[in-house]
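Source file: data-v7.cif; contents: mmCIF, C-alpha atoms.
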```
data_target
loop_
_atom_site.label_atom_id
_atom_site.label_comp_id
_atom_site.auth_asym_id
_atom_site.auth_seq_id
_atom_site.Cartn_x
_atom_site.Cartn_y
_atom_site.Cartn_z
CA THR A 1 2.90 -11.06 0.70
CA ARG A 2 6.59 -10.92 1.36
CA HIS A 3 7.05 -13.98 -0.86
CA PRO A 4 5.10 -13.31 -4.07
CA SER A 5 4.85 -15.50 -7.09
CA VAL A 6 6.78 -14.45 -10.18
CA GLU A 7 3.50 -13.21 -11.68
CA GLY A 8 2.54 -11.38 -8.48
CA GLU A 9 5.88 -9.59 -8.31
CA ARG A 10 5.61 -8.60 -11.98
CA ASP A 11 2.01 -7.41 -11.52
CA ALA A 12 2.97 -5.37 -8.43
CA TYR A 13 5.82 -3.73 -10.38
CA ASP A 14 3.52 -3.00 -13.32
CA PHE A 15 0.79 -1.56 -11.07
CA GLY A 16 3.36 0.66 -9.32
CA ALA A 17 4.80 1.87 -12.63
CA ALA A 18 1.36 2.66 -14.05
CA MET A 19 0.03 4.59 -11.05
CA GLU A 20 1.79 7.86 -11.84
CA LYS A 21 0.53 7.68 -15.42
CA VAL A 22 -3.09 7.83 -14.18
CA GLY A 23 -2.43 10.53 -11.58
CA LEU A 24 -2.10 8.32 -8.50
CA THR A 25 0.64 8.19 -5.88
CA LEU A 26 1.64 4.92 -4.26
CA LEU A 27 1.54 4.87 -0.45
CA SER A 28 3.52 1.98 0.99
CA SER A 29 4.80 0.54 4.25
CA MET A 30 8.00 -0.56 2.46
CA MET A 31 7.99 -4.27 3.13
CA GLU A 32 9.70 -6.95 1.08
CA GLY A 33 7.80 -8.75 -1.67
CA VAL A 34 4.76 -7.22 -3.31
CA GLU A 35 5.24 -3.81 -1.69
CA ALA A 36 8.90 -3.60 -2.66
CA ALA A 37 8.04 -4.58 -6.24
CA SER A 38 5.33 -1.92 -6.46
CA LEU A 39 7.75 0.69 -5.08
CA ARG A 40 10.39 -0.29 -7.64
CA GLY A 41 7.77 0.16 -10.34
CA ALA A 42 6.58 3.51 -9.02
CA LEU A 43 10.14 4.82 -8.84
CA ALA A 44 11.43 3.31 -12.11
CA ASP A 45 10.59 6.47 -14.05
CA PRO A 46 12.61 9.49 -12.85
CA ALA A 47 9.31 11.41 -12.72
CA GLY A 48 7.70 8.69 -10.59
CA ALA A 49 7.10 9.21 -6.90
CA ALA A 50 5.86 7.36 -3.85
CA VAL A 51 5.12 7.99 -0.20
CA VAL A 52 6.56 5.49 2.27
CA LEU A 53 5.57 5.23 5.91
CA CYS A 54 8.45 3.40 7.56
CA ALA A 55 8.12 1.33 10.72
CA SER A 56 11.67 2.18 11.80
CA PRO A 57 13.08 5.61 12.58
CA LEU A 58 14.27 7.35 9.41
CA ASN A 59 17.91 6.98 10.43
CA ARG A 60 17.59 3.16 10.28
CA VAL A 61 16.30 1.02 7.44
CA TYR A 62 13.93 -1.85 8.18
CA PRO A 63 14.10 -4.24 6.51
CA ALA A 64 17.77 -3.55 5.70
CA SER A 65 17.45 -5.25 2.30
CA LEU A 66 15.28 -2.34 1.15
CA LYS A 67 17.85 0.42 1.73
CA PRO A 68 18.20 1.12 -2.05
CA ILE A 69 14.42 1.63 -2.33
CA MET A 70 14.39 3.86 0.75
CA MET A 71 17.20 6.00 -0.70
CA LYS A 72 15.42 6.27 -4.05
CA THR A 73 12.15 7.20 -2.31
CA ALA A 74 14.01 9.90 -0.37
CA LYS A 75 15.11 11.41 -3.71
CA GLN A 76 11.87 11.02 -5.66
CA GLY A 77 9.12 10.94 -3.06
CA LEU A 78 8.42 11.29 0.62
CA LEU A 79 9.58 9.24 3.60
CA LEU A 80 7.63 9.35 6.84
CA SER A 81 8.01 7.32 10.03
CA ALA A 82 5.75 6.19 12.82
CA THR A 83 8.81 5.86 15.07
CA PRO A 84 10.75 8.96 16.16
CA ILE A 85 14.54 8.98 15.72
CA GLY A 86 16.19 7.51 18.81
CA GLU A 87 13.27 5.26 19.72
CA SER A 88 13.15 1.52 19.26
CA LEU A 89 10.95 -0.29 16.81
CA THR A 90 8.27 -2.14 18.78
CA PRO A 91 5.24 -4.26 17.84
CA GLU A 92 3.08 -1.33 18.98
CA ARG A 93 4.86 0.99 16.53
CA LEU A 94 4.27 -1.52 13.73
CA GLU A 95 0.54 -1.59 14.54
CA LEU A 96 0.44 2.22 14.75
CA ARG A 97 2.05 2.42 11.33
CA TYR A 98 -0.67 0.20 9.87
CA ARG A 99 -3.39 2.43 11.35
CA TYR A 100 -1.66 5.52 9.93
CA LEU A 101 -1.46 3.87 6.51
CA ALA A 102 -5.14 2.99 6.61
CA GLY A 103 -6.01 6.58 7.52
CA MET A 104 -3.73 8.23 4.96
CA ALA A 105 -4.84 6.18 1.97
CA ASP A 106 -7.79 6.94 -0.29
CA ALA A 107 -8.07 3.19 -0.82
CA VAL A 108 -6.20 0.04 0.14
CA LEU A 109 -5.23 -2.50 -2.52
CA LEU A 110 -4.55 -6.12 -1.65
CA MET A 111 -2.61 -8.25 -4.10
CA GLU A 112 -1.28 -11.74 -3.35
CA ALA A 113 -1.81 -12.36 0.35
CA SER A 114 -2.59 -15.43 2.39
CA ALA A 115 -5.79 -15.60 4.38
CA HIS A 116 -3.78 -14.69 7.51
CA SER A 117 -1.70 -11.88 6.03
CA LYS A 118 -1.06 -8.76 8.12
CA ALA A 119 -2.49 -6.82 5.17
CA ILE A 120 -6.01 -8.12 5.92
CA PRO A 121 -6.34 -6.16 9.20
CA VAL A 122 -4.97 -3.05 7.45
CA ALA A 123 -7.69 -3.37 4.80
CA LYS A 124 -10.34 -3.88 7.49
CA THR A 125 -9.07 -0.87 9.46
CA ALA A 126 -9.17 1.21 6.29
CA GLY A 127 -12.76 0.11 5.78
CA SER A 128 -13.62 1.20 9.32
CA TYR A 129 -12.14 4.62 8.44
CA GLY A 130 -14.43 4.86 5.42
CA ARG A 131 -11.70 4.00 2.90
CA ASP A 132 -12.37 1.68 0.00
CA THR A 133 -10.82 -1.77 -0.11
CA LEU A 134 -9.69 -3.01 -3.51
CA ALA A 135 -8.37 -6.46 -4.33
CA VAL A 136 -6.77 -8.17 -7.30
CA PRO A 137 -8.35 -11.62 -7.62
CA GLY A 138 -6.26 -14.74 -7.93
CA ASN A 139 -6.31 -18.43 -8.71
CA ILE A 140 -8.63 -20.22 -6.27
CA HIS A 141 -6.10 -23.03 -5.81
CA LEU A 142 -3.24 -20.84 -4.58
CA GLN A 143 -2.74 -19.82 -0.95
CA LEU A 144 -1.57 -16.37 -2.08
CA SER A 145 -5.02 -15.75 -3.54
CA LYS A 146 -6.97 -16.53 -0.37
CA GLY A 147 -6.63 -13.04 1.15
CA PRO A 148 -7.73 -10.97 -1.86
CA ASN A 149 -10.44 -13.46 -2.85
CA ARG A 150 -11.92 -13.45 0.67
CA LEU A 151 -11.89 -9.66 0.75
CA ILE A 152 -13.73 -9.58 -2.58
CA ARG A 153 -16.29 -12.02 -1.21
CA SER A 154 -16.66 -9.69 1.81
CA GLY A 155 -17.32 -6.64 -0.35
CA ALA A 156 -13.93 -5.37 -1.53
CA ARG A 157 -13.96 -4.03 -5.06
CA LEU A 158 -12.38 -6.31 -7.64
CA VAL A 159 -9.70 -4.56 -9.71
CA GLU A 160 -7.67 -5.92 -12.58
CA SER A 161 -5.77 -2.82 -13.68
CA VAL A 162 -4.51 0.53 -12.48
CA GLN A 163 -7.28 2.10 -14.56
CA ASP A 164 -9.78 0.21 -12.38
CA ILE A 165 -8.07 1.63 -9.28
CA ALA A 166 -8.13 5.16 -10.71
CA GLY A 167 -11.83 4.83 -11.46
CA GLU A 168 -12.55 3.66 -7.93
CA ILE A 169 -10.46 6.43 -6.34
CA ARG A 170 -11.97 9.12 -8.55
CA GLY A 171 -15.39 7.89 -7.44
CA LEU A 172 -14.18 7.99 -3.86
CA SER A 173 -12.79 11.51 -4.19
CA GLU A 174 -16.20 12.75 -5.33
CA ARG A 175 -17.66 11.52 -2.02
CA ILE A 176 -15.04 13.05 0.30
CA PRO A 177 -15.51 16.73 1.21
CA ARG A 178 -12.32 18.73 0.78
CA LEU A 179 -11.14 21.63 2.94
CA SER A 180 -11.20 23.86 -0.13
CA ASP A 181 -14.94 23.10 -0.52
CA ASP A 182 -15.55 24.32 3.03
CA LEU A 183 -13.57 27.51 2.42
CA ARG A 184 -15.75 28.44 -0.57
CA SER A 185 -18.92 28.34 1.52
#
```
Do you think you could lay out the structure here as structure tokens?
Amino acid sequence: TRHPSVEGERDAYDFGAAMEKVGLTLLSSMMEGVEAASLRGALADPAGAAVVLCASPLNRVYPASLKPIMMKTAKQGLLLSATPIGESLTPERLELRYRYLAGMADAVLLMEASAHSKAIPVAKTAGSYGRDTLAVPGNIHLQLSKGPNRLIRSGARLVESVQDIAGEIRGLSERIPRLSDDLRS
């Protein structure tokens, strides 16, 4: 969500900060709210890194409020864009970015999202690409829990810590053939 609860923002920050410690790299679309908090966490340690797939061309920041995070990512991680420099940001480019994210990720994590969040289709697209969908459960009475809770009910893996995510991704990596495996044959 772009408007997380205080707990959701803190959890996103903590998850982002802990990812590097378990050998994971955060991949983000750099949106306000939960994603921005997780990026701040991932980049808080000077050794931390993240990969951001921007919707806008790299010479423009969208949303503009996240320029400090974009600049920090440029120094500590990797910035990519689904929109070439000189081209306009369009709804089609936004959708393309979501498909790229789903394809680039080993797994998609959903944390604090309404039942109609744009993150739900990203998770479903990732699933269609053979990626795992992970979700942090939430209070059944809160609208921001509806998205993750529904995904869990639909088969997403419930995670409560970055260690849970690492365990799921390590299990996933054992199932994905690597180019280096083919070269040894």
When distances are computed from only C-alpha atoms, which of A:Ile152, A:Ile169, A:Ala44, A:Leu79 shows the smallest separation from Arg131 in chain A?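 Among the listed residues, the smallest separation from Arg131 in chain A belongs to A:Ile169.
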Give me, as a Markdown table, the closest atom pair and its distance (Å, one decimal) for every residue of range 97-180 of chain A within a cut-off of 9 Å of range 49-70 of chain A, counting only C-alpha atoms, rows sorted by chain and rising number.
```
| residue | atom | partner | partner_atom | distance |
| --- | --- | --- | --- | --- |
| A:Arg97 | CA | A:Ala55 | CA | 6.2 |
| A:Tyr98 | CA | A:Ala55 | CA | 8.9 |
| A:Tyr100 | CA | A:Leu53 | CA | 8.3 |
| A:Leu101 | CA | A:Leu53 | CA | 7.2 |
```
The PyMOL selection byres ((chain A and resi 77) around 12) on the file shown: which residues, as an mmCIF file with C-alpha atoms, in the coordinates of the input?
```cif
data_model
loop_
_atom_site.group_PDB
_atom_site.id
_atom_site.type_symbol
_atom_site.label_atom_id
_atom_site.label_comp_id
_atom_site.auth_asym_id
_atom_site.auth_seq_id
_atom_site.Cartn_x
_atom_site.Cartn_y
_atom_site.Cartn_z
ATOM 1 C CA GLU A 20 1.790 7.860 -11.840
ATOM 2 C CA THR A 25 0.640 8.190 -5.880
ATOM 3 C CA LEU A 26 1.640 4.920 -4.260
ATOM 4 C CA LEU A 27 1.540 4.870 -0.450
ATOM 5 C CA SER A 28 3.520 1.980 0.990
ATOM 6 C CA LEU A 39 7.750 0.690 -5.080
ATOM 7 C CA ALA A 42 6.580 3.510 -9.020
ATOM 8 C CA LEU A 43 10.140 4.820 -8.840
ATOM 9 C CA ASP A 45 10.590 6.470 -14.050
ATOM 10 C CA PRO A 46 12.610 9.490 -12.850
ATOM 11 C CA ALA A 47 9.310 11.410 -12.720
ATOM 12 C CA GLY A 48 7.700 8.690 -10.590
ATOM 13 C CA ALA A 49 7.100 9.210 -6.900
ATOM 14 C CA ALA A 50 5.860 7.360 -3.850
ATOM 15 C CA VAL A 51 5.120 7.990 -0.200
ATOM 16 C CA VAL A 52 6.560 5.490 2.270
ATOM 17 C CA LEU A 53 5.570 5.230 5.910
ATOM 18 C CA ILE A 69 14.420 1.630 -2.330
ATOM 19 C CA MET A 70 14.390 3.860 0.750
ATOM 20 C CA MET A 71 17.200 6.000 -0.700
ATOM 21 C CA LYS A 72 15.420 6.270 -4.050
ATOM 22 C CA THR A 73 12.150 7.200 -2.310
ATOM 23 C CA ALA A 74 14.010 9.900 -0.370
ATOM 24 C CA LYS A 75 15.110 11.410 -3.710
ATOM 25 C CA GLN A 76 11.870 11.020 -5.660
ATOM 26 C CA LEU A 78 8.420 11.290 0.620
ATOM 27 C CA LEU A 79 9.580 9.240 3.600
ATOM 28 C CA LEU A 80 7.630 9.350 6.840
#
```
Using only C-alpha atoms, the shortest atom-to-atom distance to Ala135 in chain A among A:Ser29, A:Ser117, A:Asn149, A:Ser81 belongs to A:Asn149
Between CA of Ser145 in chain A and CA of Ala115 in chain A, what distance in Å does the model show, to one decimal?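 Between these atoms lies a distance of 8.0 Å.
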Axis-aligned box over every listed atom of range 121-127 of chain A, padded by 4 Å per side: centre and edges in Å to one decimal, as AutoDock Vina command-line options?
```
--center_x -8.9 --center_y -2.5 --center_z 7.1 --size_x 15.8 --size_y 15.4 --size_z 12.7
```
What lies within 12 Å of His116 in chain A using all atoms listed in the file, ignoring chain neighbours under 4 positions off, as number ranges by chain? A: 1, 112, 120-122, 143-148, 150-151
Just how far from CA of Met19 in chain A is CA of Glu32 in chain A, in Å to one decimal?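 Going from CA of Glu32 in chain A over to CA of Met19 in chain A, I get 19.3 Å.
In this model, the gap between CA of Glu168 in chain A and CA of Ala156 in chain A comes to 11.2 Å.
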Please identify all polymer residues lying at most 9 Å from the point (6.5, -15.4, -0.1) (file coordinates), using all atoms listed in the file, and present the result as a list in words. Thr1, Arg2, His3, Pro4, Ser5, Gly33, Val34, Ala113 and Leu144 of chain A
Which residues are close to Thr133 in chain A, i.e. within 7 Å by all atoms listed in the file, leaving aside same-chain residues fewer than 6 positions away? Reply as JSON, numbers by chain. {"A": [107, 108, 109, 123, 127, 156, 157]}
So, counting only C-alpha atoms, which residue among A:Leu142, A:Tyr129, A:Glu95, A:Asp164 is closest to Ala18 in chain A?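 When distances to Ala18 in chain A are compared using only C-alpha atoms, the smallest one comes from A:Asp164.
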For Gly167 in chain A: contacts at 12 Å, only C-alpha atoms, fewer than 6 positions along chain excluded, given as a CSV table (one decimal) with C-alpha atoms, keeping the file's coordinate frame:
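Dumped everything to out.csv:
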```csv
chain,number,residue,atom,x,y,z
A,19,MET,CA,0.0,4.6,-11.0
A,22,VAL,CA,-3.1,7.8,-14.2
A,23,GLY,CA,-2.4,10.5,-11.6
A,24,LEU,CA,-2.1,8.3,-8.5
A,107,ALA,CA,-8.1,3.2,-0.8
A,132,ASP,CA,-12.4,1.7,0.0
A,134,LEU,CA,-9.7,-3.0,-3.5
A,157,ARG,CA,-14.0,-4.0,-5.1
A,158,LEU,CA,-12.4,-6.3,-7.6
A,159,VAL,CA,-9.7,-4.6,-9.7
A,160,GLU,CA,-7.7,-5.9,-12.6
A,161,SER,CA,-5.8,-2.8,-13.7
A,173,SER,CA,-12.8,11.5,-4.2
A,174,GLU,CA,-16.2,12.8,-5.3
```
Selection in question (the file shown): the PyMOL selection byres ((chain A and resi 10) around 12). Which residues does it include, as a PyMOL selection string? chain A and resi 4-9+11-17+33-41+111-112
Counting only C-alpha atoms, which residue out of A:Arg93, A:Ile85, A:Ser114, A:Ala119 sits closest to Met31 in chain A? A:Ala119
